[in-house]
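Working notes, structure below.
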Amino acid sequence: MAKNEKIQRQQMPEQAPLVRKNNFNEVPKGYTAEMAIQEAKRCMQCKKPACVEGCPVGVDIPGFIKHVSNGDFTKAISKLWEKNSLPAVCGRVCPQENQCEGKCILGKKGEPVAIGNLERFVADYEREKQLATRPEKAEPTGKKVAVVGSGPAGLTVAGDLVLKGHDVTIYEAFHKPGGVLVYGIPEFRLPKEIVFSEVSGLEKMGVNVQLNTVVGRIVSIDELFEQGYEAVFIAVGAGLPTFLNIPGENLIGILSANEYLTRANLMKAYLFPKYDTPVVRGKKVITIGAGNVAMDAARTALRLGAETSTIVYRRSREEVPARQAEVHHAEQEGVKFHFLTGPTKFLGNDKGRVVGMEGLKMVLGEPDASGRRRPVPMKNSEFELECDLAIIAVGAGANPLLTQSTEGLSLNKWGYIIADPETGKTSKKGVWAGGDIVTGSATVILAMGAGRQAADSIHQYLSWGW
Amino acid sequence: MFKIINREEMAEGTVILNEIEAPLIAKKARPGQFVILKANDTGERIPLTMADTNTEKGTITIIFMVVGKSTALFKTLLVGDAYQDVIGPLGKPTHLEKLGDVICVGGGTGIAVLHPITRGLKQAGNHVTAIIGSRNKDLLILEDKMRAASHELHVCTDDGSYGHKGFVTDVLKKILNEKKDQIKLVVGIGPVPMMKFVSLVTKEFNVKTLVSLNPIMIDGTGMCGGCRVSVGGKNKFACVDGPEFDGHAVDFDELSLRLQAYQEDERQCYDHFCKCQD
């Protein structure tokens, strides 16, 4: 047995479940320097590292971990920055078990190296100490690039292109930058301060951030070209929340996860009335869906005073799309799971408020187009579930606001932008797209991967042509 | 920051006009579109349909009634103060075309939204009859502007202190009775019950009717779904599909209920604010 395998994976210190379910502070507390070094020593430093193949942005994982094991955290952050402009974010929200850690050789027999925890440690250490110097910027090229949307894809493109010497402006529709990182992902999973610190890092490098700017309304893509931009990257996210289209869905107390989380996170409804935006505070809360967003919503509900918070999912535990860590954290905090359950109707009182949900039990049938087994309703299995808040977290569709106001942009039948999977190039000259507006709802790191590819392609275009 | 360069108190201080510097929005905005305003860091995002724009000065005008914490906070902003955030123009503009005879019906602060649409319909070559109403004479706003924007103006007050005593729907019904075949379009903007009854009246006469809705919303770009309204049995998002809809298809009762979603919280927040002001 190699010596690496003898060291146990360092467990992430966390707030105790019964404490944290009552606050919005971050759940994991982060490694200490000693823990990070210990964990880094577990890495086998493989010659052909499988973990790197599992990373959508190709971080030199053994490379940065080597520096950590030597206690040189400043070199470690520089290594991370070579490929990842948002390590503090990725260390927290990437689905590592399906990516880098899923490929780690140590995982074959035991537990993989805690790559995500190490990435997070290195980024947090640097944010606190500010010892490293950001990568050097190339000479100014005089080329202007517009990035529409300041979520993970947009931030990645901006970070990459400003380094190459281009003049980058990000346009954000909301009053704060960060996209889903600030409106969607809760404070207890990704403190907003971290996102703003990443954005201010980009600003220091020269990226211009324009808030309150809804491209497609206040300015069109063609007008951006008239203003002298030579390339535009569209990363406006998915948008339009999907509803169930069942009776009673417009009762008061039924919100899309987008609305619920935006109120709670971006608008800080958890600090109401110090902050002016309220959010429905349910005692008996159900969340329909079992992705990461559903887990975020169900856990937010607990923190906003729910006595019970229940996930209702029409498939079984095996098909749950959320990260393992999120499901685990949710269960620890007391979130209940109703698997193989499909809602059919919401029930309301005379004030138009939701008081319950009617549903059917499901069994799994043949695999559907997604490759997952299709849930089929069981006969005579009707039941009722009491609730005073229901959160619909079953995904989102394409937001038509920008795409409808842009000529020459080809869309697929669901309204998503068609972009070359290698380069992000769209059908419109000088326009690239990436993230959820191309793929539909996906993950932060996939959006960043798309941003990376598009940034390379945009740089080539600005240097050599379309 | 979006500076207030002109401010007026109307209707005994219950209604406030702000002219705000927002040159990019002013350049793009069309009648019927709205903006979202946020006063400060802790503030709420409030959607308001624009009452006017001035491209030369680079300003937009909003007119709002003080009904809760956020509008009370807006009221404290004076000339020279600024909104932290103004986002827009949002929503689809009113389709202004020459149809013939049209009627514009407005109530309360809805008159402020109706004014640029009325003016636009007149400029498009329509013969415009306007009907505006309020609870009493002192609460009536924009009478002169509405007179100038239309060919014929009828004023109603609930208590009869000015103009016709009664509701705008009384006058609307009378005009429709007289010349229903001539009227090609009715635009009704005001409180939800007013729009509901305007739509019920015009339905009887089978006259196409547009209403402008202002449901609860957060982002204004189609992302939250909070502003969903049932129109013809289908869910529509007021922020991207509206704010104007076919009045005969809107479920006004559902809209009324949904507008009350946060009534309790709003009262709590308003009381908190008033205490802090004392």
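Just so we're on the same page: first chain in the structure tokens is A, next is B, and so on; residues restart at 1 for each chain, and ligands are numbered from 1 in the order they show up.
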Next item on the list: Pick out the residues sitting within 7 Å of stretch 56-63 of chain A, and hand them over as number ranges by chain; count only C-alpha atoms, and ignore anything fewer than 2 positions along from it in its own chain.
Entry: A: 45, 51-54, 65-67, 79-80, 83-84, 445-446, 449, 452
Check: If you run DSSP on the backbone, which residues of stretch 30-90 of chain B are strand (DSSP E), as a PyMOL selection string?
Finding: chain B and resi 34-38+46-49+52-54+59-65+82-83+85-90
Could the residues in this selection be saved with N, CA, C and O atoms as a short mmCIF file (atom, residue, chain, number, x, y, z; two decimals), in the first residue's frame?
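Everything below was put into out24.cif:
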```cif
data_model
loop_
_atom_site.label_atom_id
_atom_site.label_comp_id
_atom_site.auth_asym_id
_atom_site.auth_seq_id
_atom_site.Cartn_x
_atom_site.Cartn_y
_atom_site.Cartn_z
N PHE B 34 -42.53 49.87 -18.76
CA PHE B 34 -42.33 50.19 -17.35
C PHE B 34 -40.84 50.16 -16.97
O PHE B 34 -40.00 49.74 -17.77
N VAL B 35 -40.57 50.66 -15.78
CA VAL B 35 -39.22 50.57 -15.21
C VAL B 35 -39.34 49.92 -13.83
O VAL B 35 -40.43 49.87 -13.26
N ILE B 36 -38.23 49.42 -13.32
CA ILE B 36 -38.18 48.95 -11.94
C ILE B 36 -37.25 49.88 -11.20
O ILE B 36 -36.15 50.19 -11.68
N LEU B 37 -37.70 50.36 -10.04
CA LEU B 37 -36.90 51.31 -9.27
C LEU B 37 -36.58 50.72 -7.90
O LEU B 37 -37.41 50.02 -7.31
N LYS B 38 -35.40 51.08 -7.41
CA LYS B 38 -34.97 50.64 -6.09
C LYS B 38 -34.30 51.85 -5.47
O LYS B 38 -33.38 52.43 -6.05
N ILE B 46 -39.41 47.98 -7.24
CA ILE B 46 -40.80 48.33 -7.48
C ILE B 46 -41.03 48.63 -8.96
O ILE B 46 -40.40 49.53 -9.52
N PRO B 47 -41.93 47.90 -9.62
CA PRO B 47 -42.21 48.19 -11.03
C PRO B 47 -43.24 49.32 -11.17
O PRO B 47 -44.24 49.33 -10.46
N LEU B 48 -42.95 50.27 -12.03
CA LEU B 48 -43.91 51.36 -12.29
C LEU B 48 -43.89 51.67 -13.79
O LEU B 48 -42.82 51.82 -14.39
N THR B 49 -45.07 51.76 -14.36
CA THR B 49 -45.15 52.11 -15.77
C THR B 49 -44.85 53.60 -15.93
O THR B 49 -45.30 54.42 -15.13
N ASP B 52 -44.10 59.39 -18.64
CA ASP B 52 -43.60 60.25 -19.72
C ASP B 52 -42.10 60.02 -19.88
O ASP B 52 -41.45 59.49 -18.98
N THR B 53 -41.60 60.45 -21.04
CA THR B 53 -40.15 60.46 -21.24
C THR B 53 -39.79 61.74 -21.98
O THR B 53 -40.63 62.32 -22.69
N ASN B 54 -38.57 62.18 -21.81
CA ASN B 54 -38.09 63.35 -22.53
C ASN B 54 -36.68 63.04 -23.03
O ASN B 54 -35.73 63.02 -22.26
N THR B 59 -34.71 62.32 -19.60
CA THR B 59 -35.41 61.99 -18.34
C THR B 59 -36.62 61.09 -18.58
O THR B 59 -37.17 61.06 -19.68
N ILE B 60 -37.00 60.40 -17.53
CA ILE B 60 -38.26 59.67 -17.51
C ILE B 60 -39.09 60.18 -16.34
O ILE B 60 -38.53 60.71 -15.37
N THR B 61 -40.40 60.06 -16.46
CA THR B 61 -41.28 60.52 -15.38
C THR B 61 -42.10 59.35 -14.85
O THR B 61 -42.64 58.57 -15.63
N ILE B 62 -42.14 59.24 -13.54
CA ILE B 62 -43.03 58.25 -12.92
C ILE B 62 -43.97 58.98 -11.98
O ILE B 62 -43.64 60.05 -11.43
N ILE B 63 -45.16 58.42 -11.83
CA ILE B 63 -46.15 58.99 -10.91
C ILE B 63 -46.67 57.83 -10.08
O ILE B 63 -47.13 56.83 -10.63
N PHE B 64 -46.54 57.94 -8.77
CA PHE B 64 -46.96 56.80 -7.93
C PHE B 64 -47.79 57.26 -6.75
O PHE B 64 -47.68 58.39 -6.28
N MET B 65 -48.64 56.37 -6.28
CA MET B 65 -49.43 56.64 -5.10
C MET B 65 -48.68 56.05 -3.90
O MET B 65 -48.09 54.97 -4.01
N ALA B 82 -31.39 60.76 -5.31
CA ALA B 82 -31.32 59.82 -6.43
C ALA B 82 -31.83 58.44 -6.04
O ALA B 82 -31.74 58.03 -4.88
N TYR B 83 -32.38 57.75 -7.01
CA TYR B 83 -32.65 56.32 -6.86
C TYR B 83 -31.35 55.59 -7.10
O TYR B 83 -30.59 55.94 -8.02
N ASP B 85 -31.10 52.44 -8.13
CA ASP B 85 -31.23 51.62 -9.33
C ASP B 85 -32.52 51.92 -10.08
O ASP B 85 -33.58 52.02 -9.47
N VAL B 86 -32.39 52.08 -11.39
CA VAL B 86 -33.56 52.17 -12.25
C VAL B 86 -33.27 51.26 -13.46
O VAL B 86 -32.24 51.41 -14.11
N ILE B 87 -34.16 50.31 -13.69
CA ILE B 87 -33.94 49.34 -14.75
C ILE B 87 -35.08 49.44 -15.77
O ILE B 87 -36.25 49.44 -15.39
N GLY B 88 -34.73 49.53 -17.04
CA GLY B 88 -35.78 49.58 -18.04
C GLY B 88 -35.20 49.97 -19.37
O GLY B 88 -33.99 50.09 -19.50
N PRO B 89 -36.02 50.21 -20.38
CA PRO B 89 -37.48 50.02 -20.36
C PRO B 89 -37.82 48.54 -20.41
O PRO B 89 -37.15 47.78 -21.11
N LEU B 90 -38.86 48.14 -19.68
CA LEU B 90 -39.26 46.74 -19.62
C LEU B 90 -40.69 46.59 -20.17
O LEU B 90 -41.45 47.54 -20.20
#
```
Checklist line | Nearest candidate to B:Lys28 (options A:Asn212, A:Ser150, A:Ser220, A:Gln227; using only C-alpha atoms) | finding: A:Ser220
Select from chain A every residue with an atom at most 9 Å from any atom of chain B, then for each give the shortest pair of atoms and their distance in Å to one decimal, using only C-alpha atoms, rows by chain and rising number, as a tab-separated table.
```
residue	atom	partner	partner_atom	distance
A:Ala173	CA	B:Ile87	CA	7.6
A:Phe174	CA	B:Asp219	CA	7.2
A:His175	CA	B:Asp85	CA	6.5
A:Leu211	CA	B:Asp85	CA	8.7
A:Asn212	CA	B:Ile87	CA	5.1
A:Thr213	CA	B:Ile87	CA	6.6
A:Val214	CA	B:Gly88	CA	6.9
A:Arg217	CA	B:Pro89	CA	6.1
A:Ile218	CA	B:Lys28	CA	6.0
A:Val219	CA	B:Lys28	CA	8.0
A:Ala238	CA	B:Met223	CA	8.2
A:Gly239	CA	B:Met223	CA	4.5
A:Leu240	CA	B:Met223	CA	4.8
A:Pro241	CA	B:Met223	CA	6.3
A:Thr242	CA	B:Gly225	CA	8.7
A:Phe243	CA	B:Gly225	CA	8.8
A:Asn245	CA	B:Asn235	CA	8.6
A:Asn250	CA	B:Arg228	CA	7.8
A:Leu251	CA	B:Arg258	CA	7.2
A:Ile252	CA	B:Ala261	CA	5.8
A:Gly253	CA	B:Ala261	CA	7.5
A:Leu255	CA	B:Gly226	CA	6.9
A:Ser256	CA	B:Gly225	CA	6.5
A:Ala257	CA	B:Cys224	CA	7.9
A:Asn258	CA	B:Cys224	CA	5.1
A:Glu259	CA	B:Cys224	CA	4.4
A:Tyr260	CA	B:Cys224	CA	8.1
A:Thr262	CA	B:Cys224	CA	7.7
A:Arg263	CA	B:Ile218	CA	7.7
A:Met267	CA	B:Glu44	CA	7.3
A:Lys268	CA	B:Thr42	CA	8.2
A:Phe272	CA	B:Cys269	CA	7.9
A:Pro273	CA	B:Cys269	CA	5.4
A:Lys274	CA	B:Thr42	CA	7.2
A:Tyr275	CA	B:Thr42	CA	4.7
A:Asp276	CA	B:Glu44	CA	5.3
A:Thr277	CA	B:Glu44	CA	5.1
A:Pro278	CA	B:Asp265	CA	6.4
A:Val279	CA	B:Tyr262	CA	7.8
A:Val280	CA	B:Tyr262	CA	7.6
A:Lys351	CA	B:Leu257	CA	7.2
A:Gly352	CA	B:Leu257	CA	6.2
A:Arg353	CA	B:Ala261	CA	8.2
A:Ala396	CA	B:Met223	CA	8.6
A:Asn399	CA	B:Gly222	CA	6.7
A:Pro400	CA	B:Gly222	CA	8.4
A:Leu401	CA	B:Val240	CA	7.1
```
Distance query A:Ser381 at most 12 Å, only C-alpha atoms, self and fewer than 6 positions along chain excluded, as an mmCIF file with N, CA, C and O atoms, in the first residue's frame:
```cif
data_model
loop_
_atom_site.group_PDB
_atom_site.id
_atom_site.type_symbol
_atom_site.label_atom_id
_atom_site.label_comp_id
_atom_site.auth_asym_id
_atom_site.auth_seq_id
_atom_site.Cartn_x
_atom_site.Cartn_y
_atom_site.Cartn_z
ATOM 1 N N LEU A 340 -41.002 9.149 -5.631
ATOM 2 C CA LEU A 340 -42.055 8.507 -6.426
ATOM 3 C C LEU A 340 -43.420 9.119 -6.137
ATOM 4 O O LEU A 340 -44.401 8.424 -5.877
ATOM 5 N N THR A 341 -43.439 10.438 -6.166
ATOM 6 C CA THR A 341 -44.643 11.183 -5.836
ATOM 7 C C THR A 341 -44.832 12.306 -6.841
ATOM 8 O O THR A 341 -43.923 13.108 -7.035
ATOM 9 N N GLY A 342 -45.981 12.348 -7.475
ATOM 10 C CA GLY A 342 -46.233 13.395 -8.456
ATOM 11 C C GLY A 342 -47.420 14.244 -8.068
ATOM 12 O O GLY A 342 -48.488 13.728 -7.755
ATOM 13 N N PRO A 343 -47.259 15.577 -8.019
ATOM 14 C CA PRO A 343 -48.386 16.439 -7.689
ATOM 15 C C PRO A 343 -49.400 16.483 -8.837
ATOM 16 O O PRO A 343 -49.017 16.459 -10.012
ATOM 17 N N THR A 344 -50.681 16.550 -8.487
ATOM 18 C CA THR A 344 -51.717 16.642 -9.520
ATOM 19 C C THR A 344 -52.550 17.904 -9.366
ATOM 20 O O THR A 344 -53.195 18.348 -10.304
ATOM 21 N N GLU A 358 -52.460 17.788 -3.794
ATOM 22 C CA GLU A 358 -52.928 16.432 -4.060
ATOM 23 C C GLU A 358 -51.938 15.769 -4.995
ATOM 24 O O GLU A 358 -51.410 16.413 -5.910
ATOM 25 N N GLY A 359 -51.664 14.491 -4.781
ATOM 26 C CA GLY A 359 -50.696 13.822 -5.645
ATOM 27 C C GLY A 359 -51.016 12.361 -5.837
ATOM 28 O O GLY A 359 -51.987 11.834 -5.281
ATOM 29 N N LEU A 360 -50.180 11.745 -6.645
ATOM 30 C CA LEU A 360 -50.305 10.320 -6.948
ATOM 31 C C LEU A 360 -48.952 9.664 -6.695
ATOM 32 O O LEU A 360 -47.911 10.279 -6.908
ATOM 33 N N LYS A 361 -48.988 8.418 -6.270
ATOM 34 C CA LYS A 361 -47.754 7.649 -6.151
ATOM 35 C C LYS A 361 -47.334 7.177 -7.548
ATOM 36 O O LYS A 361 -48.167 6.972 -8.420
ATOM 37 N N MET A 362 -46.043 7.018 -7.728
ATOM 38 C CA MET A 362 -45.521 6.637 -9.043
ATOM 39 C C MET A 362 -44.760 5.307 -8.936
ATOM 40 O O MET A 362 -44.243 4.956 -7.877
ATOM 41 N N VAL A 363 -44.663 4.632 -10.049
ATOM 42 C CA VAL A 363 -43.694 3.539 -10.173
ATOM 43 C C VAL A 363 -42.823 3.852 -11.377
ATOM 44 O O VAL A 363 -43.237 4.601 -12.269
#
```
Item checked: Straight-line distance linking atom CA of B:Val105 with atom CA of B:Phe167, stated in Å to one decimal ->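 Those two atoms sit 10.7 Å apart.
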Check: Suppose you want the space between atom CA of B:His154 and atom CA of B:Pro31; what is it in Å?
Finding: 21.9 Å
Note to self: Taking 6 positions as the minimum chain separation for residues in the same chain, which residues sit within 12 Å of A:Lys103 when counting only C-alpha atoms? Answer as an NGL selection string.
What the structure shows: :A and (46 or 48-55 or 61 or 96-97 or 109 or 111-115)
Could those residues be written to a file, using all heavy atoms, as a compact mmCIF listing (two decimals), in the first residue's frame?
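Output saved as again03.txt:
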```
# COMPACT_ATOMS: atom_id res chain seq x y z
N CYS A 46 -0.35 11.57 -10.10
CA CYS A 46 -0.38 10.67 -11.25
C CYS A 46 0.30 11.31 -12.46
O CYS A 46 0.14 12.51 -12.69
CB CYS A 46 -1.82 10.33 -11.64
SG CYS A 46 -2.78 9.59 -10.34
N LYS A 48 -0.44 10.54 -15.60
CA LYS A 48 -1.55 10.90 -16.49
C LYS A 48 -2.77 11.14 -15.63
O LYS A 48 -3.57 10.24 -15.40
CB LYS A 48 -1.82 9.76 -17.48
CG LYS A 48 -0.83 9.69 -18.60
CD LYS A 48 -1.27 8.64 -19.61
CE LYS A 48 -0.20 8.47 -20.67
NZ LYS A 48 -0.39 7.22 -21.42
N PRO A 49 -2.92 12.36 -15.10
CA PRO A 49 -3.97 12.58 -14.11
C PRO A 49 -5.38 12.54 -14.72
O PRO A 49 -5.71 13.34 -15.59
CB PRO A 49 -3.66 13.98 -13.56
CG PRO A 49 -2.76 14.62 -14.56
CD PRO A 49 -2.16 13.56 -15.41
N ALA A 50 -6.18 11.59 -14.25
CA ALA A 50 -7.55 11.46 -14.74
C ALA A 50 -8.41 12.62 -14.26
O ALA A 50 -9.35 13.05 -14.93
CB ALA A 50 -8.14 10.14 -14.27
N CYS A 51 -8.06 13.15 -13.07
CA CYS A 51 -8.86 14.24 -12.50
C CYS A 51 -8.94 15.43 -13.47
O CYS A 51 -10.00 16.06 -13.60
CB CYS A 51 -8.28 14.67 -11.17
SG CYS A 51 -6.52 15.05 -11.22
N VAL A 52 -7.82 15.74 -14.14
CA VAL A 52 -7.79 16.90 -15.03
C VAL A 52 -8.77 16.70 -16.19
O VAL A 52 -9.46 17.63 -16.60
CB VAL A 52 -6.36 17.15 -15.55
CG1 VAL A 52 -6.34 18.35 -16.49
CG2 VAL A 52 -5.41 17.39 -14.39
N GLU A 53 -8.84 15.45 -16.67
CA GLU A 53 -9.81 15.16 -17.74
C GLU A 53 -11.23 15.41 -17.28
O GLU A 53 -12.10 15.75 -18.05
CB GLU A 53 -9.72 13.68 -18.16
CG GLU A 53 -8.50 13.33 -18.95
CD GLU A 53 -8.33 11.81 -19.04
OE1 GLU A 53 -9.35 11.09 -19.02
OE2 GLU A 53 -7.17 11.37 -19.10
N GLY A 54 -11.45 15.20 -15.98
CA GLY A 54 -12.80 15.39 -15.44
C GLY A 54 -13.16 16.84 -15.20
O GLY A 54 -14.28 17.15 -14.82
N CYS A 55 -12.22 17.76 -15.40
CA CYS A 55 -12.48 19.18 -15.10
C CYS A 55 -12.83 19.94 -16.37
O CYS A 55 -12.03 19.99 -17.30
CB CYS A 55 -11.24 19.82 -14.46
SG CYS A 55 -11.46 21.59 -14.17
N ILE A 61 -4.72 20.03 -11.73
CA ILE A 61 -5.06 19.67 -10.35
C ILE A 61 -3.84 19.14 -9.57
O ILE A 61 -3.54 19.66 -8.48
CB ILE A 61 -6.26 18.69 -10.34
CG1 ILE A 61 -7.50 19.42 -10.84
CG2 ILE A 61 -6.51 18.15 -8.93
CD1 ILE A 61 -8.66 18.53 -11.22
N GLN A 96 -18.09 17.94 -7.78
CA GLN A 96 -16.79 17.26 -7.90
C GLN A 96 -16.94 15.75 -8.04
O GLN A 96 -16.15 15.11 -8.71
CB GLN A 96 -15.89 17.58 -6.69
CG GLN A 96 -15.32 18.98 -6.70
CD GLN A 96 -16.14 19.93 -5.83
OE1 GLN A 96 -17.11 19.53 -5.20
NE2 GLN A 96 -15.75 21.19 -5.80
N GLU A 97 -17.97 15.18 -7.38
CA GLU A 97 -18.08 13.72 -7.41
C GLU A 97 -18.28 13.18 -8.82
O GLU A 97 -17.98 12.03 -9.11
CB GLU A 97 -19.20 13.24 -6.48
CG GLU A 97 -20.60 13.56 -6.96
CD GLU A 97 -21.27 14.68 -6.14
OE1 GLU A 97 -20.56 15.55 -5.63
OE2 GLU A 97 -22.50 14.63 -6.03
N LYS A 109 -10.56 2.57 -4.69
CA LYS A 109 -10.56 1.67 -3.52
C LYS A 109 -11.12 2.36 -2.28
O LYS A 109 -11.72 1.74 -1.43
CB LYS A 109 -9.13 1.20 -3.23
CG LYS A 109 -8.67 0.09 -4.14
CD LYS A 109 -7.31 -0.41 -3.70
CE LYS A 109 -6.71 -1.34 -4.72
NZ LYS A 109 -5.26 -1.43 -4.56
N GLU A 111 -11.51 6.71 -0.62
CA GLU A 111 -12.08 8.02 -0.90
C GLU A 111 -11.14 8.84 -1.75
O GLU A 111 -9.93 8.85 -1.53
CB GLU A 111 -12.35 8.74 0.42
CG GLU A 111 -13.54 8.17 1.16
CD GLU A 111 -14.03 9.15 2.21
OE1 GLU A 111 -13.49 9.16 3.32
OE2 GLU A 111 -14.94 9.92 1.88
N PRO A 112 -11.68 9.55 -2.74
CA PRO A 112 -10.83 10.38 -3.59
C PRO A 112 -10.23 11.55 -2.83
O PRO A 112 -10.71 11.91 -1.75
CB PRO A 112 -11.79 10.89 -4.67
CG PRO A 112 -13.14 10.81 -4.06
CD PRO A 112 -13.11 9.66 -3.09
N VAL A 113 -9.18 12.15 -3.38
CA VAL A 113 -8.62 13.37 -2.80
C VAL A 113 -9.72 14.45 -2.81
O VAL A 113 -10.47 14.58 -3.77
CB VAL A 113 -7.41 13.86 -3.63
CG1 VAL A 113 -6.90 15.20 -3.12
CG2 VAL A 113 -6.30 12.82 -3.61
N ALA A 114 -9.81 15.22 -1.75
CA ALA A 114 -10.84 16.26 -1.62
C ALA A 114 -10.43 17.49 -2.42
O ALA A 114 -10.07 18.53 -1.87
CB ALA A 114 -11.07 16.60 -0.16
N ILE A 115 -10.48 17.36 -3.75
CA ILE A 115 -9.98 18.41 -4.63
C ILE A 115 -10.77 19.71 -4.44
O ILE A 115 -10.19 20.80 -4.36
CB ILE A 115 -10.04 17.94 -6.10
CG1 ILE A 115 -9.20 16.68 -6.28
CG2 ILE A 115 -9.59 19.05 -7.05
CD1 ILE A 115 -9.43 15.93 -7.59
```
Margin query: One number please: atom CA of A:Val122 to atom CA of A:Val93, in Å, one decimal.
Written below: 15.1 Å
Next item on the list: For B:Leu78, list every protein, DNA or RNA residue within 9 Å, evaluated using only C-alpha atoms, and leave out those in the same chain fewer than 6 positions away; present the list as a ChimeraX atom specification.
Entry: /B:4-7,18
Notebook entry, point to check: If you run DSSP on the backbone, which residues of stretch 170-207 of chain B are helix (DSSP H, G or I), as a PyMOL selection string?
Noted result: chain B and resi 170-179+192-205
Take the residues from that selection and put them in a file with C-alpha atoms, as a tab-separated table (two decimals), in the first residue's frame.
```
chain	number	residue	atom	x	y	z
B	170	ASP	CA	-71.23	54.76	-16.26
B	171	VAL	CA	-69.91	57.23	-18.82
B	172	LEU	CA	-68.25	54.47	-20.81
B	173	LYS	CA	-71.54	52.57	-21.04
B	174	LYS	CA	-73.38	55.70	-22.17
B	175	ILE	CA	-70.90	56.41	-24.94
B	176	LEU	CA	-70.87	52.80	-26.09
B	177	ASN	CA	-74.66	52.81	-26.19
B	178	GLU	CA	-74.58	55.88	-28.39
B	179	LYS	CA	-71.92	54.80	-30.85
B	192	VAL	CA	-57.88	46.20	-10.74
B	193	PRO	CA	-61.62	46.45	-9.94
B	194	MET	CA	-61.95	49.38	-12.35
B	195	MET	CA	-60.23	47.45	-15.16
B	196	LYS	CA	-62.39	44.43	-14.40
B	197	PHE	CA	-65.62	46.42	-14.71
B	198	VAL	CA	-64.46	48.34	-17.78
B	199	SER	CA	-63.76	44.97	-19.41
B	200	LEU	CA	-67.16	43.60	-18.37
B	201	VAL	CA	-68.89	46.63	-19.92
B	202	THR	CA	-66.96	46.49	-23.19
B	203	LYS	CA	-67.52	42.74	-23.42
B	204	GLU	CA	-71.26	43.37	-23.56
B	205	PHE	CA	-70.64	45.61	-26.56
```
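Using only C-alpha atoms, the nearest neighbour of A:Ala235 within the list A:Asp436, A:Glu128, A:Glu307, A:Asp456 is A:Asp436.
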Notebook entry, point to check: Between A:Asp350, A:Asp388, A:Glu230, A:Glu193, which is the closest to A:Val285 once you count only C-alpha atoms?
Noted result: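 Smallest distance to A:Val285 is found for A:Asp388.
In terms of minimum interatomic distance to A:Gly435, A:Leu155 ranks closest within A:Leu244, A:Leu155, A:Val293, A:Met357, counting only C-alpha atoms.
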